[in-house]
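Content type JSON, C-alpha atoms, from the file my_file_4.json:
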[["chain", "number", "residue", "atom", "x", "y", "z"],
["A", 8, "MET", "CA", 0.16, -37.21, -6.02],
["A", 9, "SER", "CA", -2.83, -35.14, -4.94],
["A", 10, "VAL", "CA", -4.89, -35.01, -1.81],
["A", 11, "LEU", "CA", -7.91, -35.66, -4.06],
["A", 12, "ASP", "CA", -6.60, -38.90, -5.61],
["A", 13, "SER", "CA", -8.91, -41.09, -3.53],
["A", 14, "PHE", "CA", -11.94, -38.78, -3.91],
["A", 15, "GLU", "CA", -14.73, -38.82, -6.46],
["A", 16, "MET", "CA", -16.43, -35.61, -7.53],
["A", 17, "TYR", "CA", -20.05, -35.33, -6.47],
["A", 18, "LYS", "CA", -22.15, -34.94, -9.58],
["A", 19, "LYS", "CA", -25.41, -33.11, -9.29],
["A", 20, "LYS", "CA", -28.20, -35.50, -10.30],
["A", 21, "ASP", "CA", -31.19, -33.19, -10.06],
["A", 22, "LYS", "CA", -31.50, -29.69, -11.47],
["A", 23, "GLY", "CA", -34.18, -28.80, -8.98],
["A", 24, "ASN", "CA", -37.90, -29.13, -8.57],
["A", 25, "ILE", "CA", -40.31, -28.77, -11.43],
["A", 26, "PHE", "CA", -43.46, -27.10, -10.18],
["A", 27, "ILE", "CA", -45.91, -24.26, -10.57],
["A", 28, "SER", "CA", -47.25, -22.10, -7.79],
["A", 29, "VAL", "CA", -50.88, -21.07, -8.01],
["A", 30, "THR", "CA", -52.08, -18.12, -5.96],
["A", 31, "GLN", "CA", -54.99, -15.73, -6.13],
["A", 32, "TYR", "CA", -52.79, -13.50, -8.30],
["A", 33, "GLY", "CA", -51.63, -15.95, -10.95],
["A", 34, "ILE", "CA", -49.45, -18.91, -11.91],
["A", 35, "THR", "CA", -45.67, -18.96, -11.44],
["A", 36, "PHE", "CA", -43.34, -21.49, -13.06],
["A", 37, "SER", "CA", -40.26, -22.59, -11.11],
["A", 38, "LYS", "CA", -36.78, -21.82, -12.38],
["A", 39, "THR", "CA", -36.27, -25.50, -13.18],
["A", 40, "SER", "CA", -39.45, -25.51, -15.28],
["A", 41, "VAL", "CA", -38.12, -22.57, -17.28],
["A", 42, "GLU", "CA", -34.70, -24.22, -17.65],
["A", 43, "CYS", "CA", -36.23, -27.50, -18.90],
["A", 44, "LEU", "CA", -37.75, -25.65, -21.84],
["A", 45, "ASP", "CA", -34.45, -23.83, -22.42],
["A", 46, "TYR", "CA", -35.95, -20.41, -21.70],
["A", 47, "ALA", "CA", -38.45, -20.72, -24.56],
["A", 48, "GLU", "CA", -39.77, -17.40, -25.76],
["A", 49, "TYR", "CA", -43.22, -18.81, -26.59],
["A", 50, "VAL", "CA", -45.23, -21.82, -25.43],
["A", 51, "HIS", "CA", -48.53, -23.51, -26.16],
["A", 52, "ILE", "CA", -50.76, -24.58, -23.26],
["A", 53, "PHE", "CA", -52.69, -27.86, -23.31],
["A", 54, "PHE", "CA", -55.22, -29.33, -20.89],
["A", 55, "ASP", "CA", -56.21, -32.95, -20.32],
["A", 56, "LYS", "CA", -59.71, -32.57, -18.87],
["A", 57, "ASN", "CA", -60.11, -36.30, -18.16],
["A", 58, "ASN", "CA", -56.91, -36.67, -16.13],
["A", 59, "ILE", "CA", -56.90, -33.05, -14.85],
["A", 60, "LYS", "CA", -53.45, -32.12, -16.18],
["A", 61, "MET", "CA", -51.87, -29.09, -17.81],
["A", 62, "ALA", "CA", -48.95, -29.20, -20.24],
["A", 63, "ILE", "CA", -46.79, -26.59, -21.90],
["A", 64, "THR", "CA", -44.46, -27.00, -24.82],
["A", 65, "PRO", "CA", -42.19, -24.52, -26.64],
["A", 66, "CYS", "CA", -43.41, -23.18, -29.95],
["A", 67, "GLU", "CA", -42.93, -20.47, -32.52],
["A", 68, "LYS", "CA", -44.96, -17.28, -32.29],
["A", 69, "ASP", "CA", -48.50, -17.78, -33.58],
["A", 70, "ASP", "CA", -52.06, -16.77, -32.64],
["A", 71, "GLU", "CA", -52.26, -19.36, -29.82],
["A", 72, "ALA", "CA", -48.73, -18.85, -28.48],
["A", 73, "ARG", "CA", -48.21, -17.33, -25.07],
["A", 74, "ILE", "CA", -45.09, -15.37, -24.17],
["A", 75, "PHE", "CA", -42.99, -17.39, -21.73],
["A", 76, "VAL", "CA", -39.53, -15.81, -21.38],
["A", 77, "LYS", "CA", -39.23, -12.28, -22.74],
["A", 78, "ASN", "CA", -35.48, -11.89, -22.30],
["A", 79, "LYS", "CA", -33.27, -14.88, -21.47],
["A", 80, "LYS", "CA", -30.49, -12.57, -20.21],
["A", 81, "SER", "CA", -32.71, -10.71, -17.76],
["A", 82, "PRO", "CA", -32.09, -11.44, -14.07],
["A", 83, "ARG", "CA", -35.83, -12.19, -13.82],
["A", 84, "ALA", "CA", -35.64, -14.85, -16.58],
["A", 85, "GLY", "CA", -35.27, -17.54, -13.92],
["A", 86, "PHE", "CA", -39.01, -17.75, -13.41],
["A", 87, "VAL", "CA", -42.19, -16.96, -15.31],
["A", 88, "ARG", "CA", -45.37, -15.51, -13.82],
["A", 89, "TRP", "CA", -48.68, -15.32, -15.64],
["A", 90, "ASN", "CA", -51.21, -12.96, -14.09],
["A", 91, "ASP", "CA", -53.97, -13.96, -16.52],
["A", 92, "LYS", "CA", -57.19, -14.08, -14.47],
["A", 93, "ASN", "CA", -59.06, -16.04, -17.16],
["A", 94, "LEU", "CA", -56.40, -18.75, -17.24],
["A", 95, "LEU", "CA", -56.25, -18.81, -13.44],
["A", 96, "LYS", "CA", -60.03, -19.23, -13.25],
["A", 97, "TYR", "CA", -59.96, -22.00, -15.89],
["A", 98, "VAL", "CA", -57.22, -23.94, -14.04],
["A", 99, "THR", "CA", -58.80, -23.57, -10.59],
["A", 100, "GLU", "CA", -62.25, -24.61, -11.85],
["A", 101, "LEU", "CA", -60.94, -27.52, -13.95],
["A", 102, "ALA", "CA", -59.06, -29.00, -10.98],
["A", 103, "ASN", "CA", -61.42, -27.70, -8.29],
["A", 104, "LEU", "CA", -58.39, -26.18, -6.56],
["A", 105, "LYS", "CA", -58.79, -24.79, -3.05],
["A", 106, "PHE", "CA", -56.14, -22.55, -1.56],
["A", 107, "ASP", "CA", -55.66, -19.68, 0.85],
["A", 108, "GLU", "CA", -53.74, -16.44, 0.27],
["A", 109, "LYS", "CA", -50.40, -18.30, 0.28],
["A", 110, "GLY", "CA", -51.44, -20.54, -2.59],
["A", 111, "ILE", "CA", -50.52, -24.06, -3.62],
["A", 112, "ARG", "CA", -47.61, -25.81, -5.30],
["A", 113, "ILE", "CA", -48.26, -28.33, -8.09],
["A", 114, "LYS", "CA", -45.53, -30.78, -8.98],
["A", 115, "GLY", "CA", -44.60, -31.25, -12.61],
["A", 116, "GLU", "CA", -42.64, -33.61, -14.80],
["A", 117, "TYR", "CA", -40.44, -32.95, -17.82],
["A", 118, "ILE", "CA", -40.86, -35.40, -20.69],
["A", 119, "LYS", "CA", -37.54, -34.89, -22.46],
["A", 120, "ASN", "CA", -38.20, -36.85, -25.68],
["A", 121, "GLU", "CA", -41.28, -34.67, -26.33],
["A", 122, "ASN", "CA", -39.89, -31.46, -24.80],
["A", 123, "VAL", "CA", -43.03, -30.93, -22.73],
["A", 124, "LEU", "CA", -43.76, -30.05, -19.12],
["A", 125, "VAL", "CA", -46.76, -31.81, -17.57],
["A", 126, "TYR", "CA", -48.39, -30.69, -14.31],
["A", 127, "ASP", "CA", -50.81, -32.99, -12.49],
["A", 128, "LEU", "CA", -53.36, -30.49, -11.18],
["A", 129, "LYS", "CA", -54.74, -33.07, -8.73],
["A", 130, "ASN", "CA", -51.38, -33.44, -6.98],
["A", 131, "TYR", "CA", -50.75, -30.28, -4.97],
["A", 132, "LYS", "CA", -49.66, -29.06, -1.55],
["A", 133, "ALA", "CA", -50.37, -25.87, 0.32],
["A", 134, "ILE", "CA", -47.55, -23.34, 0.34],
["A", 135, "LYS", "CA", -46.41, -22.78, 3.88],
["A", 136, "GLY", "CA", -45.44, -19.31, 5.00],
["A", 137, "ARG", "CA", -41.97, -18.38, 6.12],
["A", 138, "LYS", "CA", -41.35, -18.13, 9.83]]

As structure tokens, please, write out the structure in this file.
Amino acid sequence: MSVLDSFEMYKKKDKGNIFISVTQYGITFSKTSVECLDYAEYVHIFFDKNNIKMAITPCEKDDEARIFVKNKKSPRAGFVRWNDKNLLKYVTELANLKFDEKGIRIKGEYIKNENVLVYDLKNYKAIKGRK
């Protein structure tokens, strides 16, 4: 007989939020985004210009691959930041993004059967500062 006999364990349903943050300095992928792709070392980036979306998918190293996670064991492996000004300009112009110095947060979705992250660049919210 245990005190816990009538209890059920709470099972975590959601790993966290899948999103990217876009600021004047670059694009940062949330920890959950990185986890969904199992800390992929390289990714390919895709854009849907008609629906204003961005997608990334893990890949092997090639001429079009972008480094995603350099070292899975690093304490900083929990997030990825790209400071590529050309990519930032492309994304902000494609989606006509407007943001202040705090930036914006764009929600994403993980499509498990295709192992791809998709971010709807039209669906964003301003990042609020800490009080």

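Closest approach to A:Asn93 among A:Ala133, A:Leu128, A:Ile34, A:Ile113: A:Ile34, based on all atoms listed in the file.
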
Here atom CA of A:Ala62 and atom CA of A:Leu124 stand apart by 5.4 Å

Atom CA of A:Phe86 to atom CA of A:Ile63 measures 14.5 Å

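Note that atom CA of A:Ile134 and atom CA of A:Phe53 are 24.6 Å apart.
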
Hey, what's within 12 Å of A:Asp69 if we count all atoms listed in the file and toss same-chain stuff fewer than 5 positions away? As a ChimeraX atom specification, please?
/A:48-51,74

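Compared by their closest atoms to A:Thr64, and using all atoms listed in the file, the residues A:Lys79, A:Ala102, A:Ser13, A:Tyr46 rank with A:Tyr46 nearest.
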
Exercise. If we count only C-alpha atoms, what is near A:Thr35 at a cut-off of 10 Å, once residues fewer than 5 positions away on the same chain are taken out, given as a list in words?
Worked result: Phe26, Ile27, Ser28, Val29, Thr30, Ser40, Phe86, Val87, Arg88, Trp89, Asn90 and Arg112 of chain A

Exercise: A:Asn57 partners within 12 Å, only C-alpha atoms, chain neighbours under 2 positions left out, as a compact mmCIF listing (two decimals) with C-alpha atoms, in the coordinates of the input:
# COMPACT_ATOMS: atom_id res chain seq x y z
CA PHE A 54 -55.22 -29.33 -20.89
CA ASP A 55 -56.21 -32.95 -20.32
CA ILE A 59 -56.90 -33.05 -14.85
CA LYS A 60 -53.45 -32.12 -16.18
CA MET A 61 -51.87 -29.09 -17.81
CA LEU A 101 -60.94 -27.52 -13.95
CA ALA A 102 -59.06 -29.00 -10.98
CA ASP A 127 -50.81 -32.99 -12.49
CA LEU A 128 -53.36 -30.49 -11.18
CA LYS A 129 -54.74 -33.07 -8.73

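The nearest approach to A:Gly33 among the residues A:Glu108, A:Glu67, A:Asp91, A:Glu121, with all atoms listed in the file taken into account, belongs to A:Asp91.
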